[in-house]
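Novice: Please read through the structure below; I'll follow up with questions.
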Amino acid sequence: MNIELKTAAAYIRVSTDNQTELSPDSQIKEIRKYAKQHGYIVPNEYIFRDDGISGRRAEKRPEFIRMIAIAKQKPAPFCAVLLWKFSRFARNQEESIFYKGMLSRNNVEVKSISEPILDGPFGSLIERIIEWFDEFYSINLSGEVKRGMTERVERGGAVSIPAFGYDIVDKKYVVNPETAPIVRQIYADYLSGMGALQIAHKLNDLGVRTTRGNLWENRTVDYILRNPVYIGKIRWNPNGRTRRNYDDPNIMIVDGQHEPIIDEDSFNKVQAVYEVNQKRHARYAHDTGKKYMYMLHGLVKCSDCGASLSMSAKGQGLQCIRYAKGQCKASHYISLNKINEKVIRYIDVAFSTGVFDLVVKPTATQQETSQIDVEALIEKELKKYARIKEAFEAGIYTVEELRESRELIDERINALQKQAVKPRQSQDALRRKIIEQNKDAVQTLRDPSVSEQAKNDLLRSFVDKIVFDRENSRISVRFYI
């Protein structure tokens, strides 16, 4: 008598926290054996596999989500999902019940080949008990894993995905020769005056992506600037994610076993600049601007020691911050009104004559100032052609998707090639450009109706620094573009 074969799907999941479970290939072998004995066929296209992923959250398992989406079709292309154990389906009882109910409404069963369940209400009760036990095991195992990870951190080992600039080999950070120079460039750019958002734009323009393959944001740049992993440390919060709260008392920072990418002096300088920038851009700075904000805030430097001049205790002038602490021998006090006028007159004369000191800061189009290899990025884009062709031949891409992908790669390559060959403009041309861009600056700086914050933002858009020499009662202003 011929037995009508039913189509089934197989879901395979192997987590990283259990070394005793069957391998993916073994799970598939056992599922096919069960299917043959019970009148099912399991086509290759309906084998769904998530490797090294926890079963606690469904949305973090892409193949599981794809399987559910296919099973929801009307009619469903398979009538059962075969598992090695129910724990492969989920270790969260609430999600397990939700997705099993969703499948059941479309006449798709979920079967464990190693945990046979009796028909009827008693069988359903046994299934709920198994799900509860799986969830309890997962929660208990999570605590054991956390303790193990904490012990590894205490020994200086790595416990998470590699930080940008590193790979993980034998559970230790190893410097990545391609991305480590980008980390050094990020630190150099930040110390040269570029903000986190500017750096993010630069990296995105060059086609550089984060460790997870995402576009850069100011917060991802901030994370790199604040991460002590780059000076050979390991930072770990055993109670969960830090979420950029670096003052969390639960955070552990220990000496790592890996090679630093950044020297401690540069790292400490970046932290100091970061703190200043955070205070400057804090929300309350705008609310108390009349008391604390002034036009030249953060721009004026001492000619003797190079430190910044800040508002004096009386709030009527500027003084070298190191002199106030006894670290600079020369007082550089000057009244705010006096130095404001000096700076405005200096800018007026500089723009009228076209004679001024100008520094060209690194940009994404100036290859000679960057440690990022544009040619290597172009080569990386070219290699994508082969992968796209393979995907097309495997039936993953349609002809239209193939064409769109090739066009996108062509655009990226053309942009990179332009950046690699674009010549630098002459200093005279750059001076004319900065004058044209800021032709109304003097008028704005003299306008009493414009806020001190707005004037400060305007100056920061083209003034690199202002040096005050009290002995000669003279200032010098260096512009940038």
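For the structure tokens, the naming scheme is as follows: chains receive sequential letters (A, B, ...) according to their order of presentation, residues are indexed from 1 within each chain, and ligands are indexed from 1 in presentation order.
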Hey, what's within 7 Å of range 48-52 of chain A if we count only C-alpha atoms and toss same-chain stuff fewer than 3 positions away? As a ChimeraX atom specification, please?
Specialist: /A:10-16,61,63-64,67
Novice: Could you name the residues that touch Val270 in chain A at 8 Å or less, counting only C-alpha atoms, but leaving out those on the same chain fewer than 4 positions away, as a ChimeraX atom specification?
Specialist: /A:187,190-191,225,266,274
Novice: In Å to one decimal, how far is CA of Pro177 in chain A from CA of Val229 in chain A?
Specialist: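 Here the two named atoms are 16.1 Å from each other.
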Novice: Just give me the gap between CA of Ser335 in chain A and CA of Val300 in chain A in Å, one decimal is fine.
Specialist: 12.6 Å
Novice: Between A:Glu109, A:Phe86, A:Asn277, A:Phe468, which one has atoms that come closest to Ser308 in chain A, using only C-alpha atoms?
Specialist: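 Under the stated criterion, the closest residue is A:Phe468.
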Novice: Which neighbours of Leu382 in chain A fall inside 12 Å, counting only C-alpha atoms, when residues of the same chain fewer than 6 positions from it are skipped, and could you give them as a list of chain:residue names?
Specialist: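 Near Leu382 in chain A, the qualifying residues are A:Glu375, A:Ala376, A:Ile388, A:Lys389, A:Ser405, A:Arg406, A:Leu408, A:Ile409, A:Asp410, A:Glu411, A:Arg412, A:Ile413, A:Asn414, A:Leu416.
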Novice: Can you pull out every residue within 8 Å of Trp216 in chain A, counting only C-alpha atoms, but drop anything in the same chain fewer than 5 positions away, and send it as a PyMOL selection string?
Specialist: chain A and resi 200-201+203-204+209-210+221
Novice: Do you know which residues are at most 8 Å from Lys465 in chain A counting only C-alpha atoms, after dropping those on the same chain fewer than 5 positions away, and could you put them as a ChimeraX atom specification?
Specialist: /A:299-301,477-479
Novice: Show which residues sit within 7 Å of range 447-456 of chain A, as an MDAnalysis selection string. Count only C-alpha atoms, and ignore same-chain residues fewer than 3 positions away.
Specialist: chainID A and resid 293:297 443:444 459:460
Novice: Using the selection just defined, write its residues with C-alpha atoms as a JSON list (two decimals), in the first residue's frame.
Specialist:
[["chain", "number", "residue", "atom", "x", "y", "z"],
["A", 293, "MET", "CA", 28.59, 81.13, 27.40],
["A", 294, "TYR", "CA", 30.59, 83.83, 25.65],
["A", 295, "MET", "CA", 31.60, 84.43, 22.07],
["A", 296, "LEU", "CA", 35.20, 83.18, 22.40],
["A", 297, "HIS", "CA", 34.39, 80.19, 24.59],
["A", 443, "GLN", "CA", 28.67, 92.03, 10.88],
["A", 444, "THR", "CA", 27.16, 89.04, 12.73],
["A", 459, "LEU", "CA", 33.61, 81.33, 14.97],
["A", 460, "ARG", "CA", 34.13, 77.60, 15.47]]
Novice: Enumerate the residues of range 5-42 of chain A with a DSSP assignment of helix (DSSP H, G or I), computed from the backbone, and present them as a list in words.
Specialist: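 Residues meeting the helix (DSSP H, G or I) criterion: Pro24, Asp25, Ser26, Gln27, Ile28, Lys29, Glu30, Ile31, Arg32, Lys33, Tyr34, Ala35, Lys36 and Gln37 of chain A.
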Novice: In Å, with one decimal, what is the gap from CA of Leu103 in chain A to CA of Thr398 in chain A?
Specialist: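 So the answer is 29.4 Å.
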Novice: Using only C-alpha atoms, which protein or nucleic acid residues come within 9 Å of Lys433 in chain A? Drop anything in the same chain fewer than 5 positions from it, and give the result as a PyMOL selection string.
Specialist: chain A and resi 428+438+481
Novice: Find, counting only C-alpha atoms, the residue in A:Ser104, A:Ser473, A:Ser96, A:Thr7 that gets nearest to Tyr46 in chain A.
Specialist: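 Looking at the shortest contact to Tyr46 in chain A, the residue is A:Thr7.
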